[in-house]
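This is upload.cif (mmCIF, C-alpha atoms and all ligand atoms).
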```cif
data_input
#
loop_
_atom_site.label_atom_id
_atom_site.label_comp_id
_atom_site.auth_asym_id
_atom_site.auth_seq_id
_atom_site.Cartn_x
_atom_site.Cartn_y
_atom_site.Cartn_z
CA MET A 1 21.76 98.30 -31.70
CA PHE A 2 18.05 98.15 -31.01
CA ASN A 3 16.06 100.53 -33.12
CA PHE A 4 12.57 100.22 -31.71
CA ASP A 5 9.74 102.73 -31.30
CA ILE A 6 7.62 102.97 -28.18
CA CYS A 7 3.98 101.83 -28.36
CA LYS A 8 1.67 104.77 -29.24
CA HIS A 9 -0.90 103.79 -26.60
CA GLU A 10 -0.93 106.58 -24.02
CA GLY A 11 1.22 105.72 -21.01
CA CYS A 12 2.47 102.40 -22.40
CA LYS A 13 6.23 101.98 -22.14
CA SER A 14 6.52 98.78 -24.18
CA TYR A 15 8.16 98.85 -27.58
CA SER A 16 5.77 98.68 -30.50
CA ALA A 17 5.62 95.34 -32.24
CA THR A 18 7.66 95.11 -35.45
CA GLY A 19 5.53 96.46 -38.31
CA TYR A 20 2.96 98.11 -35.99
CA ASP A 21 2.51 101.36 -34.05
CA TYR A 22 1.42 99.53 -30.88
CA CYS A 23 2.67 96.70 -28.70
CA LEU A 24 0.83 93.38 -28.73
CA LEU A 25 -1.19 94.40 -25.66
CA HIS A 26 -2.59 97.40 -27.51
CA ILE A 27 -3.11 96.10 -31.03
CA ASN A 28 -6.67 95.24 -31.92
CA GLU A 29 -7.06 91.72 -33.28
CA SER A 30 -3.77 90.78 -31.65
CA ALA A 31 -4.58 87.07 -32.04
CA ASP A 32 -4.19 87.45 -35.83
CA VAL A 33 -0.97 89.41 -35.39
CA ILE A 34 0.43 86.75 -33.04
CA GLU A 35 -0.52 84.04 -35.52
CA ASN A 36 1.37 85.92 -38.27
CA TYR A 37 4.42 86.29 -36.02
CA ARG A 38 4.20 82.60 -35.14
CA LYS A 39 4.26 81.67 -38.82
CA THR A 40 7.15 84.07 -39.50
CA VAL A 41 9.22 82.72 -36.60
CA MET A 42 8.53 79.14 -37.67
CA LYS A 43 9.39 79.76 -41.30
CA GLN A 44 12.51 81.91 -40.92
CA ASN A 45 15.77 80.64 -39.54
CA LEU A 46 17.10 84.15 -38.98
CA ILE A 47 15.08 86.26 -36.55
CA ARG A 48 16.84 89.59 -36.52
CA ASN A 49 15.72 92.98 -35.26
CA TYR A 50 12.33 91.72 -34.20
CA ASN A 51 10.41 93.33 -31.40
CA ILE A 52 7.62 91.09 -30.16
CA GLU A 53 7.01 91.90 -26.49
CA HIS A 54 4.07 90.22 -24.75
CA LEU A 55 4.17 87.23 -27.08
CA SER A 56 2.82 83.94 -25.90
CA LEU A 57 3.87 80.73 -27.62
CA ALA A 58 3.23 77.09 -26.78
CA ASN A 59 4.19 73.72 -28.23
CA GLU A 60 6.52 74.97 -30.94
CA ASP A 61 9.74 73.66 -32.39
CA LEU A 62 12.21 76.57 -32.61
CA GLN A 63 15.31 74.43 -33.05
CA ASN A 64 18.22 75.70 -35.12
CA LYS A 65 17.08 79.33 -35.11
CA TYR A 66 19.43 82.29 -35.14
CA ILE A 67 17.86 84.94 -32.94
CA ILE A 68 19.84 88.17 -32.92
CA VAL A 69 19.14 91.69 -31.63
CA SER A 70 15.52 90.90 -30.86
CA ASN A 71 13.20 91.64 -27.97
CA PHE A 72 10.78 89.08 -26.53
CA SER A 73 10.45 90.62 -23.06
CA ASN A 74 7.28 90.06 -20.99
CA SER A 75 6.49 86.93 -22.99
CA ALA A 76 5.35 83.42 -22.11
CA PHE A 77 6.89 80.27 -23.58
CA VAL A 78 5.45 76.83 -22.79
CA ASP A 79 6.84 73.59 -24.24
CA ILE A 80 9.12 75.39 -26.70
CA ASP A 81 12.21 73.66 -28.02
CA PHE A 82 15.05 76.17 -28.66
CA SER A 83 17.69 73.42 -28.98
CA GLU A 84 20.71 74.01 -31.21
CA SER A 85 19.70 77.67 -31.61
CA LYS A 86 21.98 80.68 -31.38
CA ILE A 87 20.59 83.57 -29.37
CA LEU A 88 22.72 86.72 -29.36
CA PHE A 89 22.21 90.29 -28.07
CA SER A 90 18.53 89.67 -27.30
CA LEU A 91 16.06 90.51 -24.55
CA PHE A 92 13.80 88.03 -22.75
CA GLN A 93 13.29 90.03 -19.55
CA PHE A 94 10.36 89.35 -17.20
CA SER A 95 9.24 86.39 -19.26
CA THR A 96 8.08 82.94 -18.21
CA PHE A 97 9.48 79.68 -19.57
CA LYS A 98 7.80 76.40 -18.72
CA ASN A 99 9.10 73.00 -19.88
CA CYS A 100 11.35 74.61 -22.50
CA LYS A 101 14.44 72.98 -23.99
CA PHE A 102 17.67 74.86 -24.69
CA ASN A 103 19.96 71.90 -25.43
CA ARG A 104 23.24 72.64 -27.20
CA THR A 105 22.30 76.31 -27.58
CA ILE A 106 24.70 79.23 -27.88
CA ILE A 107 23.42 82.14 -25.82
CA LYS A 108 25.57 85.27 -25.63
CA TYR A 109 24.96 88.82 -24.37
CA THR A 110 21.32 87.97 -23.78
CA ASN A 111 19.16 89.28 -20.96
CA PHE A 112 16.69 87.06 -19.07
CA ALA A 113 16.58 89.29 -15.94
CA GLY A 114 13.46 88.87 -13.81
CA SER A 115 12.24 85.84 -15.74
CA THR A 116 10.81 82.61 -14.34
CA PHE A 117 11.95 79.15 -15.48
CA GLU A 118 10.15 75.96 -14.55
CA GLY A 119 11.24 72.53 -15.76
CA CYS A 120 13.70 73.93 -18.34
CA ASP A 121 16.70 72.06 -19.71
CA PHE A 122 19.78 74.12 -20.71
CA SER A 123 22.22 71.20 -20.85
CA GLU A 124 25.30 71.11 -23.13
CA SER A 125 25.02 74.82 -23.90
CA ASP A 126 27.31 77.83 -24.12
CA ILE A 127 25.56 80.50 -22.05
CA VAL A 128 28.14 83.25 -21.66
CA ASN A 129 28.09 86.93 -20.75
CA SER A 130 24.37 86.67 -20.18
CA ASN A 131 22.06 88.07 -17.55
CA PHE A 132 19.90 85.90 -15.28
CA ILE A 133 19.71 88.52 -12.52
CA GLY A 134 16.74 87.99 -10.21
CA VAL A 135 15.39 84.99 -12.07
CA GLU A 136 13.36 82.31 -10.36
CA ALA A 137 14.30 78.85 -11.57
CA ALA A 138 12.78 75.61 -10.34
CA ASP A 139 13.50 72.05 -11.51
CA CYS A 140 15.97 73.19 -14.18
CA ASN A 141 19.25 71.80 -15.40
CA PHE A 142 22.33 73.54 -16.82
CA ASN A 143 24.49 70.39 -16.86
CA ASP A 144 27.57 70.17 -19.10
CA SER A 145 27.32 73.87 -19.94
CA ASN A 146 29.72 76.77 -20.14
CA LEU A 147 28.36 79.65 -18.01
CA TYR A 148 31.40 81.93 -18.21
CA TYR A 149 30.59 85.45 -16.98
CA THR A 150 26.86 84.76 -16.74
CA ASN A 151 25.15 86.54 -13.88
CA PHE A 152 22.68 84.90 -11.45
CA THR A 153 22.79 87.70 -8.83
CA ASN A 154 19.67 87.65 -6.63
CA ALA A 155 18.36 84.55 -8.42
CA ALA A 156 16.15 82.11 -6.51
CA LEU A 157 17.24 78.62 -7.57
CA SER A 158 15.34 75.59 -6.37
CA ASN A 159 16.27 72.08 -7.43
CA VAL A 160 18.65 73.30 -10.13
CA THR A 161 21.68 71.32 -11.29
CA PHE A 162 24.98 72.73 -12.62
CA VAL A 163 26.81 69.39 -13.02
CA ASP A 164 30.14 69.48 -14.87
CA CYS A 165 29.84 73.15 -15.85
CA ASN A 166 32.41 75.85 -16.43
CA LEU A 167 31.50 78.38 -13.71
CA LYS A 168 34.49 80.66 -14.12
CA LYS A 169 33.31 84.21 -13.29
CA THR A 170 29.70 83.00 -13.07
CA ASP A 171 28.11 85.29 -10.51
CA PHE A 172 25.80 83.85 -7.81
CA TYR A 173 26.01 86.89 -5.52
CA ARG A 174 23.05 87.04 -3.13
CA SER A 175 21.34 84.13 -4.88
CA LYS A 176 19.05 81.84 -2.89
CA ARG A 177 19.95 78.23 -3.54
CA ASP A 178 17.70 75.43 -2.36
CA VAL A 179 18.97 72.02 -3.50
CA VAL A 180 21.50 73.19 -6.07
CA ASN A 181 24.06 70.70 -7.33
CA PHE A 182 27.51 71.93 -8.52
CA LYS A 183 29.07 68.45 -8.80
CA TYR A 184 32.19 68.26 -11.02
CA SER A 185 31.98 72.02 -11.68
CA ASN A 186 34.66 74.60 -10.86
CA TYR A 187 32.37 76.47 -8.45
CA GLU A 188 35.46 77.77 -6.62
CA GLU A 189 36.01 80.02 -9.63
CA ALA A 190 32.45 81.36 -9.45
CA GLU A 191 31.55 84.48 -7.46
CA PHE A 192 29.37 84.05 -4.37
CA GLU A 193 30.44 87.04 -2.30
CA ARG A 194 31.90 90.46 -2.75
CA SER A 195 35.41 90.99 -1.42
CA TRP A 196 34.43 94.19 0.47
CA GLU A 197 31.73 92.42 2.54
ZN ZN B 201 1.38 99.15 -25.55
#
```
Rewrite the structure from the file as structure tokens, please.
Ligand SMILES: [Zn+2]
Amino acid sequence: MFNFDICKHEGCKSYSATGYDYCLLHINESADVIENYRKTVMKQNLIRNYNIEHLSLANEDLQNKYIIVSNFSNSAFVDIDFSESKILFSLFQFSTFKNCKFNRTIIKYTNFAGSTFEGCDFSESDIVNSNFIGVEAADCNFNDSNLYYTNFTNAALSNVTFVDCNLKKTDFYRSKRDVVNFKYSNYEEAEFERSWE
């Protein structure tokens, strides 16, 4: 599905940015390139087949976007509003999200493994078959969301609420949970242990 080339900088394993031979870390004048990407992402509703690793974005309204088969790994998002967006088959691994909104989003088959979330609001969303393995989340809320088959294995969750969620097959194996609220959710249908242990 992804059809990305590797950055031509010697030893770099990142994918090259869409339209360039290098990743954003290794493009000269990357500030101009980022500004062009920012304008493109703002203008287009469909963001498909984009590879923009190492992006950093702040204070943007990305509501009602359709992000599909795209890679934003190793990126930083501060005060971004993704509400009402659809995010499918995309990569956001090892990224940081601070004060971001994901209200009423549809997130499917998307990978946030190793990312950090601080003060993020995912309420009233469908976040299914997605990967939150090893994430660190603090002061976040997933209330009123469907988290069917989403995987929080090894996640460190601190002050995170899952109130009135569908947690069927949601995997919390080996997660660290410090002040986590599952009120009104079917947490008995979630996975916390492995049967062979
Ligand atoms: Zn590179």
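Closest approach to A:Leu57 among A:Lys108, A:Arg38, A:Lys13, A:Lys101: A:Arg38, based on all atoms listed in the file.
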Hey, which residues sit close to ligand ZN 201 (chain B)? Say within 12 Å, counting only C-alpha atoms and all ligand atoms, and write them as an MDAnalysis selection string.
chainID A and resid 5:17 20:28 30 52:54 74
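Computed from the coordinates, the atom CA of A:Ser85 to atom CA of A:Leu55 distance equals 18.8 Å.
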Polymer residues at most 6 Å from stretch 163-177 of chain A, all atoms listed in the file, same-chain spacing of 6 or more positions, as number ranges by chain:
A: 143-157, 183-187, 189-193
Mind giving me the axis-aligned box for stretch 101-115 of chain A with 6 Å on every side, centre plus edges in Å to one decimal, as JSON?
```
{"center_x": 18.9, "center_y": 80.6, "center_z": -20.8, "size_x": 25.3, "size_y": 29.4, "size_z": 26.1}
```
Could you please determine the separation between atom CA of A:Glu136 and atom CA of A:Asn59 in Å, to one decimal place?
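Separation between atom CA of A:Glu136 and atom CA of A:Asn59: 21.8 Å.
Within 8 Å of the point (24.6, 72.5, -6.5), and counting only C-alpha atoms, the protein, DNA and RNA residues are Val160, Thr161, Phe162, Val163, Arg177, Val179, Val180, Asn181, Phe182 and Lys183 of chain A.
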Nearest to A:Leu88: which of A:Phe102, A:Phe72, A:Tyr66, A:Phe122 is it, counting only C-alpha atoms?
A:Tyr66
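Residues with any atom within 7 Å of stretch 115-117 of chain A, counting all atoms listed in the file and excluding same-chain neighbours fewer than 3 positions away, are A:Gln93, A:Phe94, A:Ser95, A:Thr96, A:Phe97, A:Lys98, A:Phe112, A:Cys120, A:Val135, A:Glu136, A:Ala137, A:Ala138.
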Create the file for the chosen residues now, containing C-alpha atoms and written as an mmCIF file, in the frame of the given file.
```cif
data_model
loop_
_atom_site.group_PDB
_atom_site.id
_atom_site.type_symbol
_atom_site.label_atom_id
_atom_site.label_comp_id
_atom_site.auth_asym_id
_atom_site.auth_seq_id
_atom_site.Cartn_x
_atom_site.Cartn_y
_atom_site.Cartn_z
ATOM 1 C CA GLN A 93 13.290 90.030 -19.550
ATOM 2 C CA PHE A 94 10.360 89.350 -17.200
ATOM 3 C CA SER A 95 9.240 86.390 -19.260
ATOM 4 C CA THR A 96 8.080 82.940 -18.210
ATOM 5 C CA PHE A 97 9.480 79.680 -19.570
ATOM 6 C CA LYS A 98 7.800 76.400 -18.720
ATOM 7 C CA PHE A 112 16.690 87.060 -19.070
ATOM 8 C CA CYS A 120 13.700 73.930 -18.340
ATOM 9 C CA VAL A 135 15.390 84.990 -12.070
ATOM 10 C CA GLU A 136 13.360 82.310 -10.360
ATOM 11 C CA ALA A 137 14.300 78.850 -11.570
ATOM 12 C CA ALA A 138 12.780 75.610 -10.340
#
```
Pick out the closest residue to A:Asn71 from this set: A:Trp196, A:Tyr50, A:Val41, A:Ile127. Count all atoms listed in the file.
A:Tyr50
Separation of atom CA of A:Glu29 from atom CA of A:Ile68, in Å and rounded to one decimal
27.1 Å
What's around A:Ile107 at 9 Å? Count only C-alpha atoms, leave out sequence neighbours fewer than 2 positions away in its own chain, and write the answer as a list in words.
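Close residues of A:Ile107: Ser85, Lys86, Ile87, Leu88, Phe89, Thr105, Tyr109, Thr110, Ser125, Asp126, Ile127, Val128, Asn129 and Ser130 of chain A.
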Please complete stretch 172-186 of chain A so it has N, CA and C atoms, and hand it over as an mmCIF file, in the coordinates of the input.
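Written out: result_16.cif:
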```
data_model
loop_
_atom_site.group_PDB
_atom_site.id
_atom_site.type_symbol
_atom_site.label_atom_id
_atom_site.label_comp_id
_atom_site.auth_asym_id
_atom_site.auth_seq_id
_atom_site.Cartn_x
_atom_site.Cartn_y
_atom_site.Cartn_z
ATOM 1 N N PHE A 172 26.963 84.305 -8.593
ATOM 2 C CA PHE A 172 25.800 83.850 -7.810
ATOM 3 C C PHE A 172 25.594 84.744 -6.589
ATOM 4 N N TYR A 173 26.094 85.978 -6.660
ATOM 5 C CA TYR A 173 26.010 86.890 -5.520
ATOM 6 C C TYR A 173 24.559 87.055 -5.054
ATOM 7 N N ARG A 174 24.371 86.891 -3.738
ATOM 8 C CA ARG A 174 23.050 87.040 -3.130
ATOM 9 C C ARG A 174 21.968 86.163 -3.756
ATOM 10 N N SER A 175 22.367 85.050 -4.356
ATOM 11 C CA SER A 175 21.340 84.130 -4.880
ATOM 12 C C SER A 175 20.847 83.243 -3.742
ATOM 13 N N LYS A 176 19.598 82.817 -3.840
ATOM 14 C CA LYS A 176 19.050 81.840 -2.890
ATOM 15 C C LYS A 176 19.110 80.492 -3.571
ATOM 16 N N ARG A 177 19.755 79.526 -2.899
ATOM 17 C CA ARG A 177 19.950 78.230 -3.540
ATOM 18 C C ARG A 177 19.400 77.125 -2.669
ATOM 19 N N ASP A 178 18.350 76.499 -3.112
ATOM 20 C CA ASP A 178 17.700 75.430 -2.360
ATOM 21 C C ASP A 178 17.816 74.153 -3.191
ATOM 22 N N VAL A 179 18.666 73.238 -2.749
ATOM 23 C CA VAL A 179 18.970 72.020 -3.500
ATOM 24 C C VAL A 179 19.542 72.364 -4.878
ATOM 25 N N VAL A 180 20.787 72.859 -4.827
ATOM 26 C CA VAL A 180 21.500 73.190 -6.070
ATOM 27 C C VAL A 180 22.765 72.326 -6.109
ATOM 28 N N ASN A 181 22.972 71.661 -7.207
ATOM 29 C CA ASN A 181 24.060 70.700 -7.330
ATOM 30 C C ASN A 181 25.150 71.236 -8.277
ATOM 31 N N PHE A 182 26.368 71.448 -7.718
ATOM 32 C CA PHE A 182 27.510 71.930 -8.520
ATOM 33 C C PHE A 182 28.539 70.823 -8.775
ATOM 34 N N LYS A 183 28.126 69.570 -8.673
ATOM 35 C CA LYS A 183 29.070 68.450 -8.800
ATOM 36 C C LYS A 183 29.923 68.547 -10.077
ATOM 37 N N TYR A 184 31.210 68.259 -9.913
ATOM 38 C CA TYR A 184 32.190 68.260 -11.020
ATOM 39 C C TYR A 184 32.372 69.633 -11.687
ATOM 40 N N SER A 185 31.801 70.685 -11.100
ATOM 41 C CA SER A 185 31.980 72.020 -11.680
ATOM 42 C C SER A 185 33.035 72.801 -10.891
ATOM 43 N N ASN A 186 33.641 73.782 -11.529
ATOM 44 C CA ASN A 186 34.660 74.600 -10.860
ATOM 45 C C ASN A 186 34.007 75.765 -10.118
#
```
